[in-house]
Structure formats: C-alpha cells, structure tokens
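Visitor: Structure file my_file31.json, JSON, C-alpha atoms, is pasted below:
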[["chain", "number", "residue", "atom", "x", "y", "z"],
["K", 1290, "MET", "CA", 0.00, 0.00, 0.00],
["K", 1291, "MET", "CA", 1.42, 3.35, -1.02],
["K", 1292, "VAL", "CA", -0.02, 6.55, 0.42],
["K", 1293, "PHE", "CA", 0.98, 10.06, -0.60],
["K", 1294, "VAL", "CA", 0.24, 12.74, 2.00],
["K", 1295, "ILE", "CA", 0.49, 16.36, 0.91],
["K", 1296, "GLY", "CA", -0.10, 19.64, 2.73],
["K", 1297, "GLY", "CA", 1.22, 23.14, 3.29],
["K", 1298, "SER", "CA", 3.52, 24.20, 6.08],
["K", 1299, "ALA", "CA", 2.20, 23.50, 9.58],
["K", 1300, "SER", "CA", -0.85, 21.77, 8.09],
["K", 1301, "GLY", "CA", -0.55, 18.70, 10.29],
["K", 1302, "LYS", "CA", 0.63, 16.52, 7.40],
["K", 1303, "SER", "CA", 3.47, 14.87, 9.35],
["K", 1304, "ALA", "CA", 1.30, 13.86, 12.27],
["K", 1305, "TYR", "CA", -1.26, 12.43, 9.87],
["K", 1306, "ALA", "CA", 1.35, 10.57, 7.80],
["K", 1307, "GLU", "CA", 2.75, 9.03, 10.95],
["K", 1308, "GLN", "CA", -0.68, 7.86, 12.07],
["K", 1309, "MET", "CA", -1.20, 6.38, 8.62],
["K", 1310, "ALA", "CA", 2.11, 4.48, 8.79],
["K", 1311, "LEU", "CA", 1.18, 3.13, 12.22],
["K", 1312, "LEU", "CA", -2.27, 2.13, 11.05],
["K", 1313, "LEU", "CA", -0.96, 0.34, 7.96],
["K", 1314, "SER", "CA", 1.66, -1.55, 9.94],
["K", 1315, "GLU", "CA", -0.65, -2.48, 12.80],
["K", 1316, "GLY", "CA", -0.31, -6.09, 13.80],
["K", 1317, "MET", "CA", 2.73, -6.57, 11.57],
["K", 1318, "LYS", "CA", 5.99, -7.75, 13.10],
["K", 1319, "GLN", "CA", 8.19, -6.18, 10.45],
["K", 1320, "GLN", "CA", 10.20, -3.07, 11.09],
["K", 1321, "LYS", "CA", 8.93, 0.49, 10.67],
["K", 1322, "TYR", "CA", 11.40, 2.95, 9.18],
["K", 1323, "TYR", "CA", 11.46, 6.69, 9.10],
["K", 1324, "LEU", "CA", 13.44, 8.02, 6.14],
["K", 1325, "ALA", "CA", 14.63, 11.45, 7.20],
["K", 1326, "THR", "CA", 15.77, 13.89, 4.52],
["K", 1327, "MET", "CA", 16.40, 17.12, 6.38],
["K", 1328, "GLN", "CA", 19.95, 18.40, 6.51],
["K", 1329, "VAL", "CA", 20.61, 20.14, 9.78],
["K", 1330, "TRP", "CA", 22.65, 23.31, 9.40],
["K", 1331, "ASP", "CA", 21.26, 25.84, 11.86],
["K", 1332, "GLU", "CA", 19.34, 26.23, 15.07],
["K", 1333, "GLU", "CA", 15.96, 26.37, 13.32],
["K", 1334, "SER", "CA", 16.42, 23.14, 11.38],
["K", 1335, "LYS", "CA", 17.74, 21.51, 14.54],
["K", 1336, "LYS", "CA", 14.53, 22.51, 16.35],
["K", 1337, "ARG", "CA", 12.42, 21.28, 13.46],
["K", 1338, "VAL", "CA", 14.09, 17.88, 13.48],
["K", 1339, "GLU", "CA", 13.76, 17.75, 17.26],
["K", 1340, "ARG", "CA", 10.01, 18.49, 17.11],
["K", 1341, "HIS", "CA", 9.52, 15.67, 14.63],
["K", 1342, "ARG", "CA", 11.62, 13.31, 16.76],
["K", 1343, "GLN", "CA", 9.40, 14.10, 19.72],
["K", 1344, "LEU", "CA", 6.31, 13.38, 17.64],
["K", 1345, "ARG", "CA", 7.69, 9.99, 16.65],
["K", 1346, "SER", "CA", 9.29, 8.94, 19.88],
["K", 1347, "GLY", "CA", 8.06, 5.74, 21.44],
["K", 1348, "LYS", "CA", 6.26, 4.68, 18.26],
["K", 1349, "GLY", "CA", 8.89, 2.21, 17.16],
["K", 1350, "PHE", "CA", 10.30, 3.88, 14.06],
["K", 1351, "VAL", "CA", 13.92, 3.22, 13.15],
["K", 1352, "THR", "CA", 15.30, 6.45, 11.69],
["K", 1353, "ILE", "CA", 17.48, 6.38, 8.60],
["K", 1354, "GLU", "CA", 19.10, 9.65, 7.61],
["K", 1355, "GLN", "CA", 18.94, 9.80, 3.84],
["K", 1356, "PRO", "CA", 19.12, 13.39, 2.64],
["K", 1357, "LEU", "CA", 20.42, 12.28, -0.77],
["K", 1358, "ALA", "CA", 20.15, 9.16, -2.94],
["K", 1359, "ILE", "CA", 16.96, 7.85, -1.37],
["K", 1360, "HIS", "CA", 17.35, 4.39, -2.99],
["K", 1361, "ARG", "CA", 20.39, 3.84, -0.78],
["K", 1362, "ALA", "CA", 18.08, 3.50, 2.22],
["K", 1363, "LEU", "CA", 17.70, -0.07, 0.93],
["K", 1364, "GLU", "CA", 21.21, -0.82, 2.11],
["K", 1365, "THR", "CA", 20.17, -0.26, 5.72],
["K", 1366, "MET", "CA", 16.62, -1.60, 5.65],
["K", 1367, "VAL", "CA", 15.39, -5.11, 6.03],
["K", 1368, "CYS", "CA", 12.65, -4.57, 3.55],
["K", 1369, "LEU", "CA", 10.50, -7.61, 3.15],
["K", 1370, "GLY", "CA", 7.15, -6.65, 4.62],
["K", 1371, "ALA", "CA", 8.47, -3.46, 6.18],
["K", 1372, "THR", "CA", 6.72, -0.10, 6.42],
["K", 1373, "ALA", "CA", 8.51, 3.16, 5.63],
["K", 1374, "LEU", "CA", 7.59, 6.78, 6.11],
["K", 1375, "LEU", "CA", 9.52, 9.13, 3.84],
["K", 1376, "GLU", "CA", 9.60, 12.76, 4.93],
["K", 1377, "CYS", "CA", 9.70, 14.68, 2.73],
["K", 1378, "ILE", "CA", 9.86, 15.12, -1.03],
["K", 1379, "SER", "CA", 10.52, 18.88, -0.82],
["K", 1380, "ASN", "CA", 13.74, 18.40, 1.14],
["K", 1381, "LEU", "CA", 14.82, 15.53, -1.05],
["K", 1382, "VAL", "CA", 14.36, 17.58, -4.23],
["K", 1383, "ALA", "CA", 16.18, 20.58, -2.75],
["K", 1384, "ASN", "CA", 19.06, 18.40, -1.56],
["K", 1385, "GLU", "CA", 19.41, 16.59, -4.89],
["K", 1386, "MET", "CA", 19.20, 19.80, -6.89],
["K", 1387, "PHE", "CA", 21.25, 22.25, -4.84],
["K", 1388, "SER", "CA", 23.69, 20.28, -2.67],
["K", 1389, "GLU", "CA", 26.70, 20.50, -4.94],
["K", 1390, "GLY", "CA", 27.75, 23.76, -6.57],
["K", 1391, "THR", "CA", 25.68, 24.41, -9.68],
["K", 1392, "PRO", "CA", 22.09, 23.20, -9.58],
["K", 1393, "LYS", "CA", 21.49, 19.85, -11.29],
["K", 1394, "PRO", "CA", 19.15, 19.70, -14.29],
["K", 1395, "GLU", "CA", 15.47, 19.14, -13.51],
["K", 1396, "GLY", "CA", 15.22, 15.96, -15.57],
["K", 1397, "GLN", "CA", 18.12, 14.34, -13.79],
["K", 1398, "VAL", "CA", 16.72, 15.13, -10.35],
["K", 1399, "VAL", "CA", 13.23, 13.93, -11.28],
["K", 1400, "GLN", "CA", 14.53, 10.67, -12.68],
["K", 1401, "LYS", "CA", 16.83, 9.90, -9.77],
["K", 1402, "ILE", "CA", 14.15, 10.49, -7.14],
["K", 1403, "LEU", "CA", 11.36, 8.67, -8.97],
["K", 1404, "GLN", "CA", 13.58, 5.67, -9.62],
["K", 1405, "GLY", "CA", 14.57, 5.58, -5.98],
["K", 1406, "ILE", "CA", 10.97, 5.71, -4.85],
["K", 1407, "SER", "CA", 9.84, 3.06, -7.24],
["K", 1408, "VAL", "CA", 12.66, 0.71, -6.19],
["K", 1409, "LEU", "CA", 11.79, 1.22, -2.52],
["K", 1410, "ASN", "CA", 8.10, 0.71, -3.24],
["K", 1411, "GLN", "CA", 8.78, -2.67, -4.80],
["K", 1412, "GLU", "CA", 10.46, -3.89, -1.64],
["K", 1413, "LEU", "CA", 8.18, -2.40, 0.99],
["K", 1414, "ALA", "CA", 4.81, -3.62, 2.21],
["K", 1415, "ASN", "CA", 3.71, -0.08, 3.07],
["K", 1416, "PHE", "CA", 5.16, 3.18, 1.91],
["K", 1417, "VAL", "CA", 3.91, 6.53, 3.19],
["K", 1418, "ILE", "CA", 5.41, 9.58, 1.48],
["K", 1419, "VAL", "CA", 5.05, 13.17, 2.66],
["K", 1420, "GLY", "CA", 4.97, 16.00, 0.13],
["K", 1421, "ASN", "CA", 4.82, 19.73, 0.57],
["K", 1422, "HIS", "CA", 2.21, 21.85, -1.14],
["K", 1423, "VAL", "CA", 4.34, 24.87, -2.08],
["K", 1424, "PHE", "CA", 2.42, 25.79, -5.22],
["K", 1425, "GLY", "CA", -0.28, 28.08, -3.95],
["K", 1426, "ASP", "CA", 1.21, 31.50, -3.29],
["K", 1427, "GLY", "CA", 1.13, 32.89, -6.84],
["K", 1428, "ILE", "CA", 4.53, 34.50, -6.45],
["K", 1429, "LEU", "CA", 7.02, 34.46, -9.33],
["K", 1430, "TYR", "CA", 10.39, 33.26, -8.09],
["K", 1431, "PRO", "CA", 13.92, 33.43, -9.52],
["K", 1432, "GLU", "CA", 14.72, 30.68, -12.01],
["K", 1433, "PRO", "CA", 16.46, 28.23, -9.63],
["K", 1434, "THR", "CA", 13.38, 28.24, -7.38],
["K", 1435, "GLU", "CA", 10.99, 27.83, -10.32],
["K", 1436, "LYS", "CA", 13.13, 24.98, -11.55],
["K", 1437, "TYR", "CA", 12.88, 23.40, -8.13],
["K", 1438, "MET", "CA", 9.09, 23.85, -8.16],
["K", 1439, "ARG", "CA", 8.71, 22.37, -11.63],
["K", 1440, "ALA", "CA", 10.78, 19.32, -10.71],
["K", 1441, "MET", "CA", 8.78, 18.80, -7.55],
["K", 1442, "GLY", "CA", 5.51, 19.32, -9.42],
["K", 1443, "ILE", "CA", 6.37, 16.47, -11.78],
["K", 1444, "ILE", "CA", 7.60, 14.23, -8.98],
["K", 1445, "ASN", "CA", 4.43, 14.83, -6.98],
["K", 1446, "GLN", "CA", 2.26, 13.99, -9.97],
["K", 1447, "GLU", "CA", 4.15, 10.77, -10.64],
["K", 1448, "ILE", "CA", 4.02, 9.71, -7.00],
["K", 1449, "ALA", "CA", 0.31, 10.47, -6.92],
["K", 1450, "ALA", "CA", -0.15, 8.31, -10.02],
["K", 1451, "MET", "CA", 1.79, 5.44, -8.39],
["K", 1452, "ALA", "CA", 0.07, 5.78, -5.01],
["K", 1453, "ASP", "CA", -2.98, 3.80, -3.94],
["K", 1454, "ARG", "CA", -4.21, 6.80, -1.99],
["K", 1455, "VAL", "CA", -3.50, 10.52, -2.02],
["K", 1456, "VAL", "CA", -4.57, 12.67, 0.92],
["K", 1457, "GLU", "CA", -4.29, 16.43, 1.34],
["K", 1458, "VAL", "CA", -4.09, 17.61, 4.94],
["K", 1459, "VAL", "CA", -5.59, 21.02, 5.74],
["K", 1460, "ALA", "CA", -5.61, 22.42, 9.29],
["K", 1461, "GLY", "CA", -5.06, 18.88, 10.52],
["K", 1462, "ILE", "CA", -8.05, 17.58, 8.53],
["K", 1463, "PRO", "CA", -7.40, 14.85, 5.95],
["K", 1464, "ILE", "CA", -9.11, 15.34, 2.58],
["K", 1465, "THR", "CA", -8.95, 12.36, 0.27],
["K", 1466, "VAL", "CA", -7.84, 13.42, -3.19],
["K", 1467, "LYS", "CA", -7.40, 9.93, -4.63],
["K", 1468, "PRO", "CA", -9.44, 7.29, -2.84],
["M", 203, "MET", "CA", -12.60, 19.81, 23.49],
["M", 204, "GLU", "CA", -15.12, 20.44, 20.73],
["M", 205, "SER", "CA", -16.80, 23.78, 20.97],
["M", 206, "LEU", "CA", -20.33, 23.70, 19.55],
["M", 207, "ALA", "CA", -20.10, 27.41, 19.02],
["M", 208, "LEU", "CA", -17.01, 27.59, 16.88],
["M", 209, "LYS", "CA", -17.00, 27.61, 13.09],
["M", 210, "LEU", "CA", -13.78, 27.85, 11.15],
["M", 211, "ILE", "CA", -13.68, 29.15, 7.57],
["M", 212, "ILE", "CA", -10.47, 28.87, 5.57],
["M", 213, "GLY", "CA", -9.46, 29.46, 1.97],
["M", 214, "GLY", "CA", -7.16, 31.42, -0.30],
["M", 215, "TYR", "CA", -6.91, 35.18, -0.58],
["M", 216, "ALA", "CA", -9.94, 37.03, -2.03],
["M", 217, "GLN", "CA", -12.23, 34.01, -2.26],
["M", 218, "GLY", "CA", -15.33, 35.71, -0.85],
["M", 219, "LYS", "CA", -15.07, 34.12, 2.56],
["M", 220, "LEU", "CA", -16.67, 36.95, 4.54],
["M", 221, "ASP", "CA", -19.61, 37.34, 2.12],
["M", 222, "TYR", "CA", -20.09, 33.60, 2.24],
["M", 223, "VAL", "CA", -20.29, 33.67, 6.02],
["M", 224, "LEU", "CA", -22.59, 36.72, 6.22],
["M", 225, "GLN", "CA", -25.02, 35.20, 3.74],
["M", 226, "LYS", "CA", -24.98, 31.67, 5.00],
["M", 227, "TYR", "CA", -25.40, 32.55, 8.66],
["M", 228, "HIS", "CA", -27.67, 35.59, 8.16],
["M", 229, "LEU", "CA", -25.35, 37.97, 9.95],
["M", 230, "ASP", "CA", -24.46, 41.58, 9.25],
["M", 231, "GLU", "CA", -21.19, 43.47, 9.50],
["M", 232, "SER", "CA", -21.88, 44.79, 12.98],
["M", 233, "VAL", "CA", -20.55, 41.52, 14.42],
["M", 234, "VAL", "CA", -17.40, 41.52, 12.29],
["M", 235, "TRP", "CA", -14.12, 42.11, 14.05],
["M", 236, "ASP", "CA", -11.44, 42.73, 11.46],
["M", 237, "GLY", "CA", -7.91, 41.56, 12.08],
["M", 238, "ASN", "CA", -6.66, 43.98, 9.44],
["M", 239, "MET", "CA", -7.83, 47.03, 11.37],
["M", 240, "PRO", "CA", -5.28, 48.69, 13.64],
["M", 241, "GLU", "CA", -7.80, 48.90, 16.45],
["M", 242, "ASP", "CA", -11.21, 47.42, 16.23],
["M", 243, "ARG", "CA", -13.53, 46.92, 19.14],
["M", 244, "LEU", "CA", -14.88, 43.50, 19.82],
["M", 245, "PRO", "CA", -18.65, 43.50, 19.35],
["M", 246, "GLY", "CA", -20.97, 43.13, 22.31],
["M", 247, "GLY", "CA", -23.50, 40.31, 22.38],
["M", 248, "ASP", "CA", -22.55, 36.68, 22.04],
["M", 249, "THR", "CA", -21.74, 36.45, 18.36],
["M", 250, "VAL", "CA", -18.51, 37.45, 16.68],
["M", 251, "ILE", "CA", -16.99, 36.96, 13.25],
["M", 252, "ILE", "CA", -13.24, 37.33, 13.30],
["M", 253, "ASN", "CA", -12.15, 38.22, 9.79],
["M", 254, "HIS", "CA", -8.52, 38.18, 8.58],
["M", 255, "PHE", "CA", -7.52, 36.07, 11.57],
["M", 256, "GLN", "CA", -4.05, 35.66, 10.04],
["M", 257, "SER", "CA", -3.44, 39.44, 10.10],
["M", 258, "TRP", "CA", -4.38, 39.60, 13.75],
["M", 259, "VAL", "CA", -2.03, 36.70, 14.52],
["M", 260, "LYS", "CA", 0.80, 38.53, 12.79],
["M", 261, "LYS", "CA", 0.12, 41.72, 14.73],
["M", 262, "ARG", "CA", 0.09, 39.86, 18.02],
["M", 263, "MET", "CA", 3.25, 38.00, 17.08],
["M", 264, "MET", "CA", 5.04, 41.24, 16.22],
["M", 265, "CYS", "CA", 4.26, 42.83, 19.56],
["M", 266, "GLU", "CA", 5.08, 39.67, 21.48],
["M", 267, "GLY", "CA", 1.53, 38.86, 22.43],
["M", 268, "CYS", "CA", 0.35, 35.32, 22.94],
["M", 269, "PRO", "CA", -2.09, 34.65, 20.07],
["M", 270, "GLU", "CA", -2.88, 31.14, 21.29],
["M", 271, "GLN", "CA", -3.98, 32.22, 24.77],
["M", 272, "GLU", "CA", -5.78, 35.26, 23.41],
["M", 273, "THR", "CA", -7.66, 33.15, 20.86],
["M", 274, "LYS", "CA", -8.78, 30.77, 23.58],
["M", 275, "ALA", "CA", -10.00, 33.72, 25.63],
["M", 276, "ILE", "CA", -12.11, 34.94, 22.70],
["M", 277, "LEU", "CA", -13.56, 31.45, 22.23],
["M", 278, "ALA", "CA", -14.51, 31.43, 25.90],
["M", 279, "ARG", "CA", -16.03, 34.90, 25.66],
["M", 280, "TYR", "CA", -18.43, 34.30, 22.72],
["M", 281, "GLN", "CA", -21.10, 31.68, 22.42],
["M", 282, "ASN", "CA", -21.03, 31.88, 18.64],
["M", 283, "CYS", "CA", -17.66, 32.43, 17.15],
["M", 284, "ILE", "CA", -16.83, 32.31, 13.46],
["M", 285, "ILE", "CA", -13.18, 32.60, 12.54],
["M", 286, "ILE", "CA", -12.16, 33.38, 8.97],
["M", 287, "CYS", "CA", -8.55, 32.80, 8.00],
["M", 288, "ASP", "CA", -6.52, 32.78, 4.80],
["M", 289, "GLU", "CA", -4.56, 29.65, 4.04],
["M", 290, "ILE", "CA", -1.02, 30.99, 3.94],
["M", 291, "GLY", "CA", 1.08, 27.84, 4.21],
["M", 292, "ASN", "CA", 0.84, 26.67, 0.60],
["M", 293, "GLY", "CA", 3.91, 28.40, -0.78],
["M", 294, "ILE", "CA", 7.68, 28.24, -0.98],
["M", 295, "VAL", "CA", 9.28, 28.51, 2.45],
["M", 296, "PRO", "CA", 10.08, 32.23, 2.88],
["M", 297, "MET", "CA", 13.67, 33.43, 3.23],
["M", 298, "ASP", "CA", 12.70, 35.67, 6.13],
["M", 299, "ALA", "CA", 12.73, 33.98, 9.53],
["M", 300, "LEU", "CA", 9.80, 36.02, 10.86],
["M", 301, "GLU", "CA", 7.70, 35.10, 7.83],
["M", 302, "ARG", "CA", 8.49, 31.44, 8.48],
["M", 303, "GLU", "CA", 7.51, 31.82, 12.11],
["M", 304, "TYR", "CA", 4.27, 33.52, 11.07],
["M", 305, "ARG", "CA", 3.29, 30.69, 8.69],
["M", 306, "GLU", "CA", 4.13, 28.12, 11.29],
["M", 307, "LEU", "CA", 2.13, 29.90, 13.97],
["M", 308, "VAL", "CA", -0.97, 30.40, 11.79],
["M", 309, "GLY", "CA", -0.80, 26.75, 10.72],
["M", 310, "ARG", "CA", -0.58, 25.44, 14.29],
["M", 311, "LEU", "CA", -3.40, 27.73, 15.43],
["M", 312, "LEU", "CA", -5.61, 26.52, 12.58],
["M", 313, "ILE", "CA", -4.99, 22.91, 13.62],
["M", 314, "MET", "CA", -6.03, 23.83, 17.17],
["M", 315, "LEU", "CA", -9.13, 25.70, 15.95],
["M", 316, "ALA", "CA", -10.13, 22.99, 13.48],
["M", 317, "ASP", "CA", -9.87, 20.44, 16.26],
["M", 318, "ARG", "CA", -12.23, 22.44, 18.48],
["M", 319, "ALA", "CA", -14.61, 23.59, 15.76],
["M", 320, "MET", "CA", -17.95, 22.02, 15.11],
["M", 321, "THR", "CA", -17.59, 22.74, 11.41],
["M", 322, "VAL", "CA", -14.69, 23.63, 9.16],
["M", 323, "GLU", "CA", -15.44, 24.99, 5.71],
["M", 324, "ARG", "CA", -13.01, 25.72, 2.92],
["M", 325, "VAL", "CA", -14.11, 28.45, 0.51],
["M", 326, "ILE", "CA", -13.05, 28.67, -3.10],
["M", 327, "CYS", "CA", -14.62, 31.10, -5.61],
["M", 328, "GLY", "CA", -17.20, 32.04, -3.01],
["M", 329, "ILE", "CA", -18.35, 28.43, -2.61],
["M", 330, "GLY", "CA", -17.85, 26.61, 0.66],
["M", 331, "GLN", "CA", -17.00, 22.94, 1.04],
["M", 332, "ARG", "CA", -17.48, 21.46, 4.43],
["M", 333, "ILE", "CA", -14.35, 19.50, 5.35],
["M", 334, "LYS", "CA", -15.37, 18.83, 8.94]]
Would you mind writing the file out in structure tokens?
Guide:
Amino acid sequence: MMVFVIGGSASGKSAYAEQMALLLSEGMKQQKYYLATMQVWDEESKKRVERHRQLRSGKGFVTIEQPLAIHRALETMVCLGATALLECISNLVANEMFSEGTPKPEGQVVQKILQGISVLNQELANFVIVGNHVFGDGILYPEPTEKYMRAMGIINQEIAAMADRVVEVVAGIPITVKP
Amino acid sequence: MESLALKLIIGGYAQGKLDYVLQKYHLDESVVWDGNMPEDRLPGGDTVIINHFQSWVKKRMMCEGCPEQETKAILARYQNCIIICDEIGNGIVPMDALEREYRELVGRLLIMLADRAMTVERVICGIGQRIK
C-alpha cells in the first residue's frame, strides 16, 4: 500500500502521515522505518528535526538519515514486509538539486528520485510519502526556485499516479484526493 | 474539546469568505471584528466573526503577544464564534525567519481551531465545502 500525503507548512501533514504508517503496519511484526531527509545546518532546522523526533518517539520507528540518494536506504533496511515513512519530497528535491555547486538539471533530479521511490516501493509492504504543497502563493520566483518547483511538481504527480491513496491535509483535517 | 459554538472558515486570498459567512449565517457586518484594522472593538453580544484572523495573529506575534492564549479567551467569551482565515502555508518557504515563524504559527493555530470547531469549511470562488 502506497499513500501520498500532501499539505502546506504547519498543516498537520506529518502527524497524519505518521498515524497512517502506524495504522498500515498495525499487527505486523516487520520493522517500521522513518526516512529522514532534512539536513541540519542551523538552530531552526535543529529545532524542526527535534520536534519531529518528539512526535515519533516511542512509536517504534527506526530512523534512517537519507538526505540524498533515497534508494540507498535499501542498504540499511530489512525490507520484506516493512513499512517506511519518507519525509519529505521537498527536502529531497532541494538536496538533490542544490547540494553540490551548480544546480542539477530538472530531468536528472526527477529521474533519480522517482527511480529511488519506485525501487523502494517494490520492496516495501507499506510506503507513506510526505509532500509539501508549495504551489499556492502565486509568487514568481527566480529561475532556480521555479526549476525546483517544476521538478517537484512532476515528482508529486508521478508519485500520486503510483500511489494507492493521495490525501491532502488542511488544518489537521485529511481530505482524500485519490481514494 | 469540541466547541459547539465555533466555526472555522479557511481558503485562499480574495475568495469571498466573509460574504459567504454573512449570507450563510444571516449575519451583518456589525458583528465583524477585522484583524486587518489597527484597532477594532470586539462586538458586544454573544456572536462574533473574526475576519482576517491571520493578520491579527501577525500583529500579536510582532508585539510579542500570545495569540494562542488570546484566541482561547475569545472562544470562551463568545457563544457563537466564526473565525475566517486565509490559508497561507501553501507556498515556498520564505527566506525571512519572521515570515516562516508567522506561517508556522498560523498553521498550528488553525490545527487547534479545526480540532475544536464544530464545522470547518473551505471556501473557493465564493463556494464553501465542508471539510469537517
């Protein structure tokens, strides 16, 4: 079962995605993984990561830090029948695109991430993916940001097509977009 | 902690949220308290519509108020409370730290309000969809 959870900032999407991962893996003995993508570089990101750790603590997730090359999470996971929660696509795209010097081409980033996700999906019993709805402010951004948005737009659409369910979270309320 | 009295209305900028509320609930502007106004007096009686909730949150944030506590006090004060708020979290993460804090704060407050509200409606093009 693959579920794509999308929402704006502070929409409650993470809490919902976590609940979903717990629900899907209920009664299963296999491991639950949390695939973390955030790179910590300042006090604010440290706090953010800490808040999410608090949310997850005691729920039995094994955290794998995978800010780049998401497919490589396979090397650490015992996949057969496992459940994974990937948080989130927006960090992953930013990391892949902007981590090294000049930004990587959109197509390359899209392909790498989608391949990684599809490989993981084949191995996992349940895969919950968190996406960020950054497309609703109507502001025109400089080219690198627009490039980032376009890449993420395509990735989100492809994940939504692959997913069994797509849910938008608004003010903590889940709205089913793809049943 | 569901409050029978609370209705939450969210949606994008300029979607006709206030008109929607006034029409649907047969209310007039005398009960509207506008978050955009520098100083607006809370209406008497037991009904209030708080419009531009996000602007009020920003103001309170800027002068180091406590929007969460103050919101709860308003909920306790009015039997019928309708809060109208723009959805502001659906964009690229702002470069400015205060803007980030503002989005985060409004988002968390909306989760709290939606949890307590009897109904949550999302308005687009003047049309409301009930999501709770």
Visitor: Which of these residues is nearest to chain K, using all atoms listed in the file: M:Pro245, M:Pro269, M:Gly291, M:Gly330?
Guide: M:Gly291
Visitor: Rank nothing, just name the residue among K:His1422, K:Lys1436, K:Arg1361, K:Lys1321 nearest to Gln1397 of chain K, using only C-alpha atoms.
Guide: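 For Gln1397 of chain K, the nearest of the given residues is K:Lys1436.
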Visitor: Would you pick out the contacts of segment 1305-1307 of chain K at 8 Å or less, using all atoms listed in the file, so that residues sharing its chain but fewer than 4 positions from it are not included, and give the list as a CSV table (one decimal) with C-alpha atoms, in the coordinates of the input?
Guide:
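File part.csv, as written:
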chain,number,residue,atom,x,y,z
K,1294,VAL,CA,0.2,12.7,2.0
K,1301,GLY,CA,-0.6,18.7,10.3
K,1311,LEU,CA,1.2,3.1,12.2
K,1345,ARG,CA,7.7,10.0,16.6
K,1374,LEU,CA,7.6,6.8,6.1
K,1417,VAL,CA,3.9,6.5,3.2
K,1418,ILE,CA,5.4,9.6,1.5
K,1419,VAL,CA,5.0,13.2,2.7
K,1458,VAL,CA,-4.1,17.6,4.9
K,1461,GLY,CA,-5.1,18.9,10.5
K,1463,PRO,CA,-7.4,14.8,6.0
Visitor: Give me, as JSON lines, the closest atom pair and its distance (Å, one decimal) for every residue of chain K within a cut-off of 7 Å of chain M, counting only C-alpha atoms, rows sorted by chain and rising number.
Guide:
{"residue": "K:Gly1297", "atom": "CA", "partner": "M:Asn292", "partner_atom": "CA", "distance": 4.5}
{"residue": "K:Ser1298", "atom": "CA", "partner": "M:Gly291", "partner_atom": "CA", "distance": 4.8}
{"residue": "K:Ala1299", "atom": "CA", "partner": "M:Gly309", "partner_atom": "CA", "distance": 4.6}
{"residue": "K:Ser1300", "atom": "CA", "partner": "M:Gly309", "partner_atom": "CA", "distance": 5.6}
{"residue": "K:Gly1301", "atom": "CA", "partner": "M:Ile313", "partner_atom": "CA", "distance": 7.0}
{"residue": "K:His1422", "atom": "CA", "partner": "M:Asn292", "partner_atom": "CA", "distance": 5.3}
{"residue": "K:Val1423", "atom": "CA", "partner": "M:Gly293", "partner_atom": "CA", "distance": 3.8}
{"residue": "K:Phe1424", "atom": "CA", "partner": "M:Gly293", "partner_atom": "CA", "distance": 5.4}
{"residue": "K:Gly1425", "atom": "CA", "partner": "M:Asn292", "partner_atom": "CA", "distance": 4.9}
{"residue": "K:Asp1426", "atom": "CA", "partner": "M:Gly293", "partner_atom": "CA", "distance": 4.8}
{"residue": "K:Ala1460", "atom": "CA", "partner": "M:Ile313", "partner_atom": "CA", "distance": 4.4}
{"residue": "K:Gly1461", "atom": "CA", "partner": "M:Ile313", "partner_atom": "CA", "distance": 5.1}
Visitor: As a PDB file with C-alpha atoms, in the frame of the given file, please: the residues near His1360 of chain K (cut-off 10 Å, only C-alpha atoms, same-chain neighbours under 2 positions excluded).
Guide:
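Saved file result_14.pdb follows:
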ATOM      1  CA  GLN K1355      18.940   9.800   3.840  1.00  0.00           C
ATOM      2  CA  LEU K1357      20.420  12.280  -0.770  1.00  0.00           C
ATOM      3  CA  ALA K1358      20.150   9.160  -2.940  1.00  0.00           C
ATOM      4  CA  ALA K1362      18.080   3.500   2.220  1.00  0.00           C
ATOM      5  CA  LEU K1363      17.700  -0.070   0.930  1.00  0.00           C
ATOM      6  CA  GLU K1364      21.210  -0.820   2.110  1.00  0.00           C
ATOM      7  CA  LYS K1401      16.830   9.900  -9.770  1.00  0.00           C
ATOM      8  CA  ILE K1402      14.150  10.490  -7.140  1.00  0.00           C
ATOM      9  CA  LEU K1403      11.360   8.670  -8.970  1.00  0.00           C
ATOM     10  CA  GLN K1404      13.580   5.670  -9.620  1.00  0.00           C
ATOM     11  CA  GLY K1405      14.570   5.580  -5.980  1.00  0.00           C
ATOM     12  CA  ILE K1406      10.970   5.710  -4.850  1.00  0.00           C
ATOM     13  CA  SER K1407       9.840   3.060  -7.240  1.00  0.00           C
ATOM     14  CA  VAL K1408      12.660   0.710  -6.190  1.00  0.00           C
ATOM     15  CA  LEU K1409      11.790   1.220  -2.520  1.00  0.00           C
ATOM     16  CA  ASN K1410       8.100   0.710  -3.240  1.00  0.00           C
TER      17      ASN K1410
END
Visitor: At what distance in Å, to one decimal, does atom CA of Pro1356 of chain K lie from atom CA of Pro296 of chain M?
Guide: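 The value is 20.9 Å.
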Visitor: Where atoms are absent from segment 312-319 of chain M, fill them in so it carries N, CA, C and O atoms, then output it as a CSV table (one decimal), in the coordinates of the input.
Guide:
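Output below, filename result37.csv:
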chain,number,residue,atom,x,y,z
M,312,LEU,N,-4.5,27.1,13.4
M,312,LEU,CA,-5.6,26.5,12.6
M,312,LEU,C,-5.9,25.1,12.9
M,312,LEU,O,-7.0,24.6,13.0
M,313,ILE,N,-4.8,24.3,13.2
M,313,ILE,CA,-5.0,22.9,13.6
M,313,ILE,C,-5.8,22.9,14.9
M,313,ILE,O,-6.7,22.1,15.1
M,314,MET,N,-5.4,23.8,15.9
M,314,MET,CA,-6.0,23.8,17.2
M,314,MET,C,-7.5,24.2,17.0
M,314,MET,O,-8.4,23.6,17.6
M,315,LEU,N,-7.8,25.2,16.2
M,315,LEU,CA,-9.1,25.7,16.0
M,315,LEU,C,-10.0,24.6,15.2
M,315,LEU,O,-11.1,24.4,15.6
M,316,ALA,N,-9.4,24.0,14.2
M,316,ALA,CA,-10.1,23.0,13.5
M,316,ALA,C,-10.5,21.8,14.4
M,316,ALA,O,-11.6,21.3,14.3
M,317,ASP,N,-9.6,21.5,15.3
M,317,ASP,CA,-9.9,20.4,16.3
M,317,ASP,C,-11.1,20.8,17.2
M,317,ASP,O,-11.9,19.9,17.5
M,318,ARG,N,-11.1,22.0,17.6
M,318,ARG,CA,-12.2,22.4,18.5
M,318,ARG,C,-13.5,22.8,17.8
M,318,ARG,O,-14.6,22.8,18.4
M,319,ALA,N,-13.4,23.1,16.5
M,319,ALA,CA,-14.6,23.6,15.8
M,319,ALA,C,-15.6,22.5,15.5
M,319,ALA,O,-15.3,21.3,15.3
